[in-house]
>>> print(open('protein16.txt').read())   # compact mmCIF, C-alpha atoms
# COMPACT_ATOMS: atom_id res chain seq x y z
CA MET A 25 -2.33 -29.11 -32.98
CA VAL A 26 0.81 -28.68 -35.11
CA LYS A 27 2.05 -32.00 -33.81
CA GLU A 28 -1.13 -33.81 -34.82
CA ILE A 29 -1.00 -32.30 -38.32
CA GLU A 30 2.64 -33.36 -38.59
CA ARG A 31 1.75 -36.82 -37.28
CA ALA A 32 -0.84 -37.16 -40.05
CA GLY A 33 1.99 -36.70 -42.55
CA ILE A 34 1.45 -33.08 -43.60
CA PRO A 35 4.34 -30.61 -43.17
CA VAL A 36 3.25 -27.65 -41.07
CA VAL A 37 4.76 -24.31 -40.16
CA HIS A 38 3.79 -22.58 -36.94
CA MET A 39 3.59 -18.78 -37.12
CA CYS A 40 3.49 -17.33 -33.62
CA THR A 41 4.94 -14.62 -31.44
CA VAL A 42 5.91 -16.59 -28.33
CA THR A 43 8.28 -19.05 -29.99
CA PRO A 44 9.36 -20.75 -26.72
CA ILE A 45 5.77 -21.99 -26.35
CA SER A 46 5.89 -23.27 -29.91
CA MET A 47 9.08 -25.17 -29.04
CA THR A 48 7.35 -26.64 -25.99
CA VAL A 49 4.35 -27.87 -27.94
CA GLY A 50 6.69 -29.51 -30.43
CA ALA A 51 6.39 -27.54 -33.67
CA ASN A 52 9.19 -28.42 -36.09
CA ARG A 53 9.09 -25.39 -38.38
CA ILE A 54 8.54 -22.08 -36.58
CA VAL A 55 8.32 -18.52 -37.91
CA PRO A 56 8.30 -15.74 -35.28
CA THR A 57 5.60 -13.11 -35.79
CA ILE A 58 4.91 -9.54 -34.74
CA ALA A 59 2.76 -9.45 -31.61
CA ILE A 60 0.31 -11.63 -29.73
CA PRO A 61 -2.94 -9.82 -30.69
CA HIS A 62 -1.79 -9.23 -34.29
CA PRO A 63 0.78 -11.86 -35.29
CA LEU A 64 0.57 -11.04 -38.99
CA GLY A 65 -0.09 -7.33 -38.85
CA ASN A 66 0.97 -4.10 -37.29
CA PRO A 67 -1.76 -1.52 -36.74
CA ALA A 68 0.88 1.20 -36.31
CA LEU A 69 1.74 0.99 -40.02
CA SER A 70 -0.17 2.12 -43.10
CA PRO A 71 -2.35 -0.61 -44.68
CA GLU A 72 0.13 -0.98 -47.56
CA GLU A 73 3.15 -1.32 -45.29
CA GLU A 74 1.26 -3.68 -43.06
CA LYS A 75 0.35 -5.95 -45.94
CA ALA A 76 3.93 -5.90 -47.19
CA ILE A 77 5.11 -7.14 -43.80
CA ARG A 78 2.43 -9.81 -43.76
CA ARG A 79 3.52 -10.94 -47.20
CA LYS A 80 7.14 -11.11 -46.04
CA LEU A 81 6.19 -13.27 -43.05
CA VAL A 82 4.05 -15.61 -45.15
CA GLU A 83 6.85 -15.91 -47.72
CA ARG A 84 9.18 -16.88 -44.89
CA ALA A 85 6.64 -19.49 -43.74
CA LEU A 86 6.47 -20.93 -47.26
CA GLU A 87 10.26 -20.99 -47.37
CA ALA A 88 10.22 -22.95 -44.12
CA LEU A 89 7.82 -25.44 -45.67
CA THR A 90 10.16 -25.96 -48.62
CA THR A 91 13.22 -26.39 -46.38
CA GLU A 92 14.19 -29.84 -45.09
CA VAL A 93 14.65 -29.85 -41.31
CA GLU A 94 15.79 -32.60 -39.00
CA ASP A 95 14.88 -30.97 -35.74
CA GLN A 96 12.83 -28.07 -34.36
CA THR A 97 13.92 -25.02 -36.32
CA ILE A 98 13.10 -21.35 -35.90
CA PHE A 99 13.13 -19.46 -39.21
CA GLU A 100 13.98 -15.91 -38.16
CA VAL A 101 12.55 -13.23 -40.42
CA MET B 21 12.87 -10.98 12.16
CA SER B 22 10.80 -12.29 9.31
CA TYR B 23 12.01 -13.43 5.90
CA LYS B 24 11.75 -10.88 3.11
CA VAL B 25 9.91 -12.03 0.01
CA VAL B 26 9.44 -10.43 -3.41
CA HIS B 27 6.34 -11.52 -5.32
CA TYR B 28 5.80 -11.45 -9.11
CA ILE B 29 2.26 -11.24 -10.53
CA ASN B 30 0.60 -10.19 -13.78
CA GLN B 31 -1.68 -7.27 -14.64
CA PHE B 32 -4.81 -9.33 -14.07
CA PHE B 33 -4.03 -10.33 -10.49
CA ALA B 34 -2.91 -6.77 -9.76
CA ASN B 35 -6.36 -5.59 -10.78
CA ILE B 36 -5.00 -3.40 -13.57
CA GLY B 37 -7.09 -5.15 -16.19
CA GLY B 38 -7.41 -8.15 -18.47
CA GLU B 39 -6.13 -8.65 -21.97
CA GLU B 40 -6.56 -5.00 -22.87
CA MET B 41 -3.89 -4.19 -20.26
CA ALA B 42 -1.57 -7.15 -20.93
CA HIS B 43 0.91 -4.80 -22.61
CA VAL B 44 1.83 -2.92 -19.39
CA ALA B 45 5.52 -2.69 -18.53
CA PRO B 46 6.85 -3.94 -15.17
CA GLU B 47 5.97 -1.89 -12.12
CA LEU B 48 7.29 -2.12 -8.55
CA ARG B 49 4.91 -1.75 -5.61
CA ASP B 50 5.44 -1.79 -1.85
CA GLY B 51 4.03 -4.67 0.15
CA PHE B 52 1.62 -7.28 -1.13
CA VAL B 53 -0.84 -6.98 -3.98
CA GLY B 54 -3.74 -9.35 -4.73
CA PRO B 55 -2.85 -13.00 -4.13
CA GLY B 56 0.15 -11.93 -2.00
CA MET B 57 -2.28 -11.38 0.86
CA ALA B 58 -2.97 -15.12 1.07
CA PHE B 59 0.77 -15.85 1.27
CA ASN B 60 1.29 -13.28 4.01
CA GLN B 61 -1.62 -14.70 6.00
CA ALA B 62 -0.30 -18.24 5.70
CA TRP B 63 3.16 -17.15 6.83
CA LYS B 64 1.78 -15.59 10.02
CA GLY B 65 4.59 -13.05 10.31
CA GLU B 66 7.41 -15.57 9.77
CA ALA B 67 7.84 -14.24 6.24
CA GLU B 68 6.43 -11.20 4.51
CA ILE B 69 6.08 -9.81 1.01
CA VAL B 70 8.04 -6.58 0.98
CA LYS B 71 7.66 -5.76 -2.72
CA THR B 72 5.38 -6.88 -5.50
CA ILE B 73 6.42 -6.72 -9.14
CA VAL B 74 3.55 -6.44 -11.60
CA CYS B 75 4.11 -7.08 -15.30
CA GLY B 76 1.74 -7.45 -18.24
CA ASP B 77 1.77 -10.95 -19.74
CA SER B 78 2.12 -9.77 -23.32
CA TYR B 79 4.82 -7.32 -22.27
CA PHE B 80 6.86 -10.14 -20.79
CA ALA B 81 6.35 -12.38 -23.80
CA GLU B 82 7.21 -9.69 -26.32
CA HIS B 83 10.03 -7.95 -24.40
CA GLU B 84 11.49 -10.80 -22.44
CA ALA B 85 15.05 -9.44 -22.21
CA ASP B 86 13.88 -6.01 -21.01
CA ALA B 87 11.41 -7.45 -18.52
CA LYS B 88 14.01 -9.80 -17.08
CA ALA B 89 16.59 -7.04 -16.74
CA GLN B 90 14.13 -4.75 -14.96
CA VAL B 91 12.91 -7.43 -12.56
CA LEU B 92 16.48 -8.51 -11.77
CA GLU B 93 17.44 -4.93 -11.00
CA TRP B 94 14.57 -4.51 -8.55
CA VAL B 95 15.05 -7.88 -6.88
CA LYS B 96 18.78 -7.29 -6.55
CA ALA B 97 18.19 -3.93 -4.86
CA GLU B 98 15.73 -5.48 -2.42
CA LYS B 99 17.98 -8.43 -1.44
CA PRO B 100 15.05 -10.66 -0.47
CA ASP B 101 15.38 -14.09 1.13
CA PHE B 102 12.91 -15.56 -1.34
CA PHE B 103 11.24 -14.91 -4.69
CA ILE B 104 7.76 -16.23 -5.43
CA ALA B 105 5.72 -15.91 -8.65
CA GLY B 106 2.08 -16.57 -9.46
CA PRO B 107 0.26 -18.87 -9.15
CA ALA B 108 -0.52 -18.77 -12.86
CA PHE B 109 -3.03 -21.66 -13.09
CA ASN B 110 -3.61 -22.34 -16.81
CA ALA B 111 -2.75 -18.88 -18.13
CA GLY B 112 -0.11 -19.71 -20.74
CA ARG B 113 1.83 -16.47 -21.05
CA TYR B 114 1.60 -15.82 -17.30
CA GLY B 115 2.87 -19.32 -16.53
CA TYR B 116 5.70 -18.90 -18.99
CA ALA B 117 6.59 -15.55 -17.41
CA CYS B 118 6.49 -16.94 -13.84
CA ALA B 119 8.69 -19.93 -14.69
CA THR B 120 11.14 -17.89 -16.76
CA ILE B 121 11.54 -15.07 -14.25
CA CYS B 122 11.98 -17.57 -11.40
CA ALA B 123 14.68 -19.40 -13.35
CA THR B 124 16.42 -16.09 -14.03
CA VAL B 125 16.32 -14.87 -10.42
CA GLN B 126 17.56 -18.25 -9.21
CA GLU B 127 20.43 -18.39 -11.70
CA GLU B 128 21.51 -14.76 -11.71
CA LEU B 129 21.00 -13.83 -8.06
CA GLY B 130 21.14 -17.19 -6.29
CA ILE B 131 17.88 -16.47 -4.47
CA PRO B 132 15.59 -19.47 -3.86
CA VAL B 133 12.38 -19.33 -5.90
CA LEU B 134 8.99 -20.97 -6.18
CA THR B 135 6.06 -20.68 -8.53
CA GLY B 136 2.80 -22.52 -9.07
CA MET B 137 0.69 -23.39 -12.09
CA TYR B 138 -1.42 -26.06 -13.78
CA GLU B 139 0.61 -29.01 -15.00
CA GLU B 140 -0.40 -28.46 -18.64
CA ASN B 141 0.66 -24.80 -18.57
CA PRO B 142 3.47 -24.28 -21.13
CA GLY B 143 5.49 -22.67 -18.32
CA ALA B 144 5.60 -26.06 -16.59
CA ASP B 145 8.17 -27.05 -19.19
CA LEU B 146 10.74 -25.55 -16.80
CA LYS B 147 9.72 -27.77 -13.87
CA ASN B 148 13.13 -29.43 -13.79
CA LYS B 149 14.78 -26.03 -13.30
CA VAL B 150 12.32 -24.24 -11.05
CA LEU B 151 10.33 -25.75 -8.23
CA MET B 152 6.63 -25.34 -9.03
CA VAL B 153 3.53 -26.31 -7.13
CA ALA B 154 0.87 -28.08 -9.23
CA THR B 155 -2.39 -26.10 -9.09
CA ALA B 156 -5.88 -26.36 -10.52
CA ASN B 157 -6.44 -25.00 -14.03
CA SER B 158 -8.32 -21.86 -12.99
CA ALA B 159 -8.06 -19.15 -10.36
CA ALA B 160 -10.89 -20.88 -8.53
CA GLY B 161 -8.09 -23.10 -7.22
CA MET B 162 -6.44 -20.18 -5.38
CA ARG B 163 -7.70 -21.32 -1.99
CA LYS B 164 -5.80 -24.56 -2.30
CA ALA B 165 -2.84 -23.25 -4.27
CA ALA B 166 -1.87 -20.33 -2.03
CA PRO B 167 -1.49 -22.31 1.23
CA ALA B 168 0.38 -25.12 -0.56
CA MET B 169 2.81 -22.65 -2.11
CA ALA B 170 3.17 -20.68 1.15
CA LYS B 171 3.94 -23.82 3.13
CA LEU B 172 6.60 -25.07 0.74
CA ALA B 173 8.09 -21.58 0.40
CA LEU B 174 8.46 -21.21 4.17
CA LYS B 175 10.14 -24.61 4.40
CA MET B 176 12.59 -23.54 1.72
CA MET B 177 13.28 -20.23 3.46
CA LYS B 178 13.98 -22.01 6.74
CA GLY B 179 16.26 -24.43 4.94
CA GLU B 180 14.17 -27.39 6.07
CA LYS B 181 14.34 -30.69 4.23
CA ILE B 182 11.98 -30.77 1.26
CA GLY B 183 10.08 -34.05 0.96
CA ALA B 184 9.07 -35.91 -2.17
CA SER B 185 6.95 -34.18 -4.81
CA CYS B 186 3.87 -36.22 -3.87
CA GLU B 187 4.15 -35.10 -0.24
CA GLU B 188 4.95 -31.43 -0.83
CA GLY B 189 2.73 -30.88 -3.87
CA TYR B 190 5.37 -29.69 -6.33
CA MET B 191 5.68 -31.11 -9.82
CA PRO B 192 8.22 -33.93 -10.08
CA ASN B 193 11.49 -32.25 -11.03
CA GLY B 194 13.48 -35.28 -12.05
CA ILE B 195 15.62 -35.32 -8.89
CA ARG B 196 15.84 -38.67 -7.15
CA LYS B 197 16.87 -39.07 -3.55
CA ASN B 198 17.70 -42.31 -1.76
CA PHE B 199 15.61 -43.24 1.25
CA PHE B 200 14.49 -46.33 3.09
CA GLU B 201 11.01 -47.63 2.32
CA LYS B 202 8.98 -49.09 5.15
CA LYS B 203 8.24 -52.20 3.10
CA VAL B 204 10.58 -54.16 0.85
CA GLY B 205 10.13 -54.04 -2.91
CA ALA B 206 8.52 -57.48 -3.21
CA GLU B 207 5.84 -56.54 -0.69
CA ARG B 208 5.14 -53.21 -2.41
CA ALA B 209 4.88 -54.90 -5.79
CA VAL B 210 2.38 -57.45 -4.48
CA ASP B 211 0.35 -54.66 -2.79
CA MET B 212 0.26 -52.81 -6.10
CA LEU B 213 -0.77 -55.91 -8.02
CA VAL B 214 -3.55 -56.70 -5.55
CA ALA B 215 -4.81 -53.10 -5.77
CA LYS B 216 -4.73 -53.30 -9.56
CA LEU B 217 -6.60 -56.61 -9.66
CA ASN B 218 -9.26 -55.14 -7.38
CA GLY B 219 -9.60 -52.06 -9.53
CA LYS B 220 -8.31 -49.87 -6.67
CA PRO B 221 -6.02 -46.87 -7.16
CA PHE B 222 -2.29 -47.42 -7.00
CA THR B 223 0.72 -45.31 -7.84
CA THR B 224 3.58 -46.54 -9.94
CA GLU B 225 7.05 -46.03 -8.54
CA TYR B 226 8.51 -45.69 -11.99
CA PRO B 227 6.38 -43.59 -14.33
CA MET B 228 7.38 -43.77 -17.98
CA PRO B 229 8.72 -40.50 -19.35
CA SER B 230 6.48 -38.86 -21.92
CA PHE B 231 8.55 -37.54 -24.80
CA ASP B 232 5.95 -36.82 -27.37
CA ARG B 233 7.80 -35.46 -30.34
CA VAL B 234 6.82 -35.96 -33.97
CA ALA B 235 9.62 -35.93 -36.53
CA PRO B 236 9.33 -33.25 -39.22
CA ASN B 237 7.83 -34.29 -42.54
CA PRO B 238 9.81 -33.83 -45.76
CA ALA B 239 9.67 -30.35 -47.24
CA VAL B 240 7.27 -29.34 -49.99
CA LYS B 241 9.05 -29.80 -53.33
CA ASP B 242 7.17 -27.44 -55.58
CA LEU B 243 5.10 -24.67 -54.02
CA SER B 244 3.59 -23.69 -57.36
CA LYS B 245 1.77 -27.03 -57.42
CA ALA B 246 1.02 -27.26 -53.70
CA THR B 247 -2.30 -26.80 -51.95
CA ILE B 248 -1.73 -24.85 -48.74
CA ALA B 249 -4.27 -24.82 -45.92
CA LEU B 250 -4.64 -22.23 -43.18
CA CYS B 251 -5.35 -23.22 -39.58
CA THR B 252 -5.35 -21.11 -36.43
CA SER B 253 -5.66 -21.19 -32.66
CA GLY B 254 -6.42 -17.47 -32.82
CA GLY B 255 -10.19 -17.95 -32.94
CA ILE B 256 -10.95 -16.39 -36.35
CA VAL B 257 -14.58 -17.26 -37.22
CA PRO B 258 -17.30 -15.95 -39.53
CA LYS B 259 -18.96 -12.90 -37.99
CA GLY B 260 -21.38 -13.91 -35.26
CA ASN B 261 -19.41 -17.09 -34.44
CA PRO B 262 -22.08 -19.40 -35.92
CA ASP B 263 -20.76 -22.56 -34.20
CA HIS B 264 -20.37 -20.83 -30.84
CA ILE B 265 -16.72 -21.68 -30.33
CA GLU B 266 -16.06 -20.80 -26.70
CA SER B 267 -13.87 -17.77 -25.91
CA SER B 268 -11.84 -19.98 -23.60
CA SER B 269 -11.56 -23.73 -22.93
CA ALA B 270 -12.89 -24.45 -26.42
CA SER B 271 -14.77 -27.73 -26.76
CA HIS B 272 -14.74 -27.82 -30.58
CA TYR B 273 -13.21 -26.38 -33.72
CA GLY B 274 -14.76 -24.76 -36.79
CA GLU B 275 -14.36 -25.60 -40.48
CA TYR B 276 -15.19 -22.69 -42.80
CA CYS B 277 -15.20 -22.33 -46.54
CA ILE B 278 -13.17 -19.46 -48.00
CA ALA B 279 -13.49 -20.42 -51.67
CA GLY B 280 -13.70 -17.16 -53.61
CA VAL B 281 -12.89 -15.05 -50.53
CA GLU B 282 -10.24 -12.49 -51.57
CA LYS B 283 -9.50 -11.28 -48.07
CA LEU B 284 -11.08 -11.46 -44.63
CA THR B 285 -13.11 -8.33 -43.92
CA SER B 286 -14.25 -6.96 -40.59
CA GLU B 287 -17.83 -7.30 -41.85
CA GLY B 288 -17.42 -11.00 -42.58
CA TYR B 289 -15.09 -12.29 -39.88
CA GLU B 290 -14.03 -11.73 -36.29
CA THR B 291 -12.21 -13.48 -33.48
CA ALA B 292 -13.93 -15.56 -30.81
CA HIS B 293 -10.74 -15.68 -28.71
CA GLY B 294 -11.11 -14.32 -25.17
CA GLY B 295 -7.42 -14.44 -24.31
CA TYR B 296 -6.05 -11.46 -26.21
CA ASP B 297 -7.23 -7.95 -27.04
CA PRO B 298 -9.54 -8.58 -30.03
CA VAL B 299 -9.53 -5.02 -31.40
CA TYR B 300 -6.79 -5.59 -34.01
CA ALA B 301 -8.06 -8.97 -35.22
CA ASN B 302 -11.64 -7.71 -35.49
CA ALA B 303 -10.57 -4.64 -37.46
CA ASP B 304 -8.58 -6.78 -39.91
CA PRO B 305 -8.83 -10.57 -39.45
CA ASN B 306 -6.01 -11.08 -42.01
CA ARG B 307 -3.71 -10.01 -39.17
CA VAL B 308 -4.34 -13.43 -37.66
CA LEU B 309 -5.33 -15.51 -40.70
CA PRO B 310 -3.46 -14.17 -43.75
CA VAL B 311 -6.03 -15.04 -46.43
CA ASP B 312 -5.32 -11.83 -48.38
CA VAL B 313 -1.65 -12.47 -49.13
CA LEU B 314 -2.10 -16.19 -49.79
CA ARG B 315 -4.86 -15.41 -52.28
CA GLU B 316 -2.50 -12.98 -53.98
CA MET B 317 0.25 -15.57 -54.12
CA GLU B 318 -2.21 -18.09 -55.54
CA LYS B 319 -3.05 -15.65 -58.37
CA GLU B 320 0.65 -15.03 -59.01
CA GLY B 321 1.22 -18.78 -59.23
CA LYS B 322 3.60 -18.77 -56.24
CA ILE B 323 1.45 -21.40 -54.59
CA GLY B 324 -0.76 -23.90 -56.37
CA LYS B 325 -3.89 -23.27 -54.38
CA LEU B 326 -5.15 -21.91 -51.09
CA HIS B 327 -7.28 -24.71 -49.64
CA ASP B 328 -11.02 -23.99 -49.73
CA TYR B 329 -11.47 -24.55 -46.00
CA PHE B 330 -9.74 -23.21 -42.94
CA TYR B 331 -9.80 -24.82 -39.51
CA THR B 332 -10.00 -22.73 -36.40
CA THR B 333 -10.37 -22.91 -32.66
CA VAL B 334 -9.63 -20.81 -29.60
CA GLY B 335 -6.36 -21.68 -27.90
CA ASN B 336 -7.14 -20.12 -24.54
CA GLY B 337 -6.98 -22.50 -21.59
CA THR B 338 -8.09 -25.19 -24.01
CA ALA B 339 -7.21 -28.66 -22.70
CA VAL B 340 -4.25 -30.20 -24.48
CA ALA B 341 -6.26 -33.40 -24.96
CA ASN B 342 -9.01 -31.43 -26.72
CA ALA B 343 -6.63 -29.53 -29.00
CA LYS B 344 -4.94 -32.80 -29.89
CA ALA B 345 -8.26 -34.42 -30.76
CA PHE B 346 -9.41 -31.42 -32.87
CA ALA B 347 -6.27 -31.41 -34.98
CA ALA B 348 -6.07 -35.20 -35.27
CA GLU B 349 -9.57 -35.06 -36.74
CA TYR B 350 -9.16 -32.15 -39.14
CA ALA B 351 -5.71 -33.36 -40.24
CA GLN B 352 -7.47 -36.41 -41.71
CA LYS B 353 -9.84 -34.10 -43.60
CA LEU B 354 -6.87 -32.13 -44.90
CA LEU B 355 -5.19 -35.35 -46.02
CA GLN B 356 -8.29 -36.55 -47.82
CA ALA B 357 -8.61 -33.18 -49.54
CA GLY B 358 -5.06 -33.55 -50.83
CA VAL B 359 -3.58 -30.64 -48.89
CA HIS B 360 0.23 -30.59 -49.16
CA ALA B 361 1.16 -28.26 -46.32
CA VAL B 362 -0.38 -26.23 -43.49
CA ILE B 363 0.28 -22.79 -42.08
CA MET B 364 -0.86 -22.65 -38.45
CA THR B 365 -1.09 -19.24 -36.86
CA SER B 366 -1.26 -18.60 -33.12
CA THR B 367 -1.88 -15.48 -31.08
>>> encode(input="protein16.txt", output="structure tokens")
Amino acid sequence: MVKEIERAGIPVVHMCTVTPISMTVGANRIVPTIAIPHPLGNPALSPEEEKAIRRKLVERALEALTTEVEDQTIFEV
Amino acid sequence: MSYKVVHYINQFFANIGGEEMAHVAPELRDGFVGPGMAFNQAWKGEAEIVKTIVCGDSYFAEHEADAKAQVLEWVKAEKPDFFIAGPAFNAGRYGYACATICATVQEELGIPVLTGMYEENPGADLKNKVLMVATANSAAGMRKAAPAMAKLALKMMKGEKIGASCEEGYMPNGIRKNFFEKKVGAERAVDMLVAKLNGKPFTTEYPMPSFDRVAPNPAVKDLSKATIALCTSGGIVPKGNPDHIESSSASHYGEYCIAGVEKLTSEGYETAHGGYDPVYANADPNRVLPVDVLREMEKEGKIGKLHDYFYTTVGNGTAVANAKAFAAEYAQKLLQAGVHAVIMTST
């Protein structure tokens, strides 16, 4: 799906936990996330801490979108 | 004396449980477990599964280094003649685990390996490194997959010559071997042409490689003026799943308006995905689709706008061709709506 969005001319960042799969499907901008059932959350944390982490991940994703890349790139958090 | 084999399977095939148990750490058991029985039967005593390693799919994906180290330690201690994993059919994380662990055992311990999965499984990306038998896309294909894998495995153990991929049933691994054809090239080409003209099946001798990569688009220049859309394969839908997006093998996607929605609540939204434990996403759907923080950033002026619609489907055994078609379609809608960039989340 990321590839089709990219093909349409829209930059896209893929936020996922299993980044090797993201590489296989051909995402160009990749941000690794927390866990498969809760990529953008962590139920072990307090709601405030959890949201702070989510914010950090989304900020990283937005950074990826504003960064020029030539090839598949993983933006570690 | 029969050949000693170690078998790798996931929590589902070991009967431990489904997604709710996908977090379990590797475990070593004596003898065969689950699908190993079919291998043992096919080998008729010539080879035997001495140990079975069971590992949760999410555990492997999230703790790959630990899982590999543990499996290597056990396999090394057992000194088997062969290592077999799966078959994984179209289970993405399982296929990835099977292919990765086979590659590791082969490289680190020099033990021959074999796995099996559906050709669209992401794990099949390693088919040039690890021999893998092509299987059906669901466990209903076990009856065909197990004997095919067992047969090829036994040949490998005995050191017999392995035939071409189309004869042995493994996925083409990019290795070419010279051999003499029964008919000369001109004759084969004419046969193929005649078959083609008659609308009969024929097989090319030189398939074109499929490198489908799309070059990255230029970066977003000014986030504070950009409209950002959210998309997901994690199955987030309005509560009750009004469009009945399937929990696996999804046949369609959903388009839902979030104008004025401050955050996704457990009363309003849930996941339709049947491939991961839904407890966390149902309790707080922002854990999969981060509407709450993007709305905040919109208010702060960090981004221009969060797009009024999000696009969602269930990425669980969903055919690649379907997923491609969904996104090709909604990407046009995003373009028309003037969306500048997309955040896609996956579980």
>>> closest_atom_pairs(input="protein16.txt", of="chain A", to="chain B", cutoff="9 Å", atoms="only C-alpha atoms", output="Markdown table")
| residue | atom | partner | partner_atom | distance |
| --- | --- | --- | --- | --- |
| A:Met25 | CA | B:Ala347 | CA | 5.0 |
| A:Val26 | CA | B:Met364 | CA | 7.1 |
| A:Lys27 | CA | B:Val234 | CA | 6.2 |
| A:Glu28 | CA | B:Ala348 | CA | 5.2 |
| A:Ile29 | CA | B:Ala351 | CA | 5.2 |
| A:Glu30 | CA | B:Asn237 | CA | 6.6 |
| A:Arg31 | CA | B:Val234 | CA | 6.1 |
| A:Ala32 | CA | B:Ala351 | CA | 6.2 |
| A:Gly33 | CA | B:Asn237 | CA | 6.3 |
| A:Ile34 | CA | B:Ala361 | CA | 5.5 |
| A:Pro35 | CA | B:Ala361 | CA | 5.1 |
| A:Val36 | CA | B:Val362 | CA | 4.6 |
| A:Val37 | CA | B:Ile363 | CA | 5.1 |
| A:His38 | CA | B:Met364 | CA | 4.9 |
| A:Met39 | CA | B:Thr365 | CA | 4.7 |
| A:Cys40 | CA | B:Ser366 | CA | 4.9 |
| A:Thr41 | CA | B:Thr367 | CA | 6.9 |
| A:Val42 | CA | B:Ala81 | CA | 6.2 |
| A:Pro44 | CA | B:Tyr116 | CA | 8.8 |
| A:Ile45 | CA | B:Pro142 | CA | 6.1 |
| A:Thr48 | CA | B:Pro142 | CA | 6.7 |
| A:Val49 | CA | B:Pro142 | CA | 7.7 |
| A:Gly50 | CA | B:Arg233 | CA | 6.1 |
| A:Ala51 | CA | B:Val234 | CA | 8.4 |
| A:Asn52 | CA | B:Pro236 | CA | 5.8 |
| A:Arg53 | CA | B:Pro236 | CA | 7.9 |
| A:Ile58 | CA | B:Glu82 | CA | 8.7 |
| A:Ala59 | CA | B:Glu82 | CA | 6.9 |
| A:Ile60 | CA | B:Thr367 | CA | 4.6 |
| A:Pro61 | CA | B:Tyr296 | CA | 5.7 |
| A:His62 | CA | B:Arg307 | CA | 5.3 |
| A:Pro63 | CA | B:Val308 | CA | 5.9 |
| A:Leu64 | CA | B:Arg307 | CA | 4.4 |
| A:Gly65 | CA | B:Arg307 | CA | 4.5 |
| A:Asn66 | CA | B:Arg307 | CA | 7.8 |
| A:Pro67 | CA | B:Tyr300 | CA | 7.0 |
| A:Glu74 | CA | B:Arg307 | CA | 8.9 |
| A:Lys75 | CA | B:Val313 | CA | 7.5 |
| A:Ala76 | CA | B:Val313 | CA | 8.8 |
| A:Arg78 | CA | B:Val313 | CA | 7.2 |
| A:Arg79 | CA | B:Val313 | CA | 5.7 |
| A:Val82 | CA | B:Val313 | CA | 7.6 |
| A:Ala85 | CA | B:Ile363 | CA | 7.4 |
| A:Leu86 | CA | B:Leu243 | CA | 7.8 |
| A:Ala88 | CA | B:Ala239 | CA | 8.0 |
| A:Leu89 | CA | B:Ala239 | CA | 5.5 |
| A:Thr90 | CA | B:Ala239 | CA | 4.6 |
| A:Thr91 | CA | B:Ala239 | CA | 5.4 |
| A:Glu92 | CA | B:Ala239 | CA | 5.0 |
| A:Val93 | CA | B:Pro236 | CA | 6.7 |
| A:Glu94 | CA | B:Pro236 | CA | 6.5 |
| A:Asp95 | CA | B:Pro236 | CA | 6.9 |
| A:Gln96 | CA | B:Pro236 | CA | 7.9 |
>>> atom_distance(input="protein16.txt", atom1="CA of Thr332 (chain B)", atom2="CA of His272 (chain B)")
9.1 Å
>>> atom_distance(input="protein16.txt", atom1="CA of Ala119 (chain B)", atom2="CA of Ala105 (chain B)")
7.8 Å
>>> atom_distance(input="protein16.txt", atom1="CA of Val204 (chain B)", atom2="CA of Thr223 (chain B)")
15.8 Å
>>> axis_aligned_box(input="protein16.txt", around="region 122-137 of chain B", padding_each_side="6 Å", output="lines of an AutoDock Vina configuration file")
center_x = 11.1
center_y = -18.6
center_z = -8.9
size_x = 32.8
size_y = 21.6
size_z = 22.2
>>> closest_residue(input="protein16.txt", among="B:Ser269, B:Ser185, B:Gln126, B:Gln356", to="Ser158 (chain B)", atoms="all atoms listed in the file")
B:Ser269
>>> residues_around(input="protein16.txt", residues="Ile98 (chain A)", least_positions_apart="6", cutoff="8 Å", atoms="only C-alpha atoms", output="number ranges by chain")
A: 43, 53-56
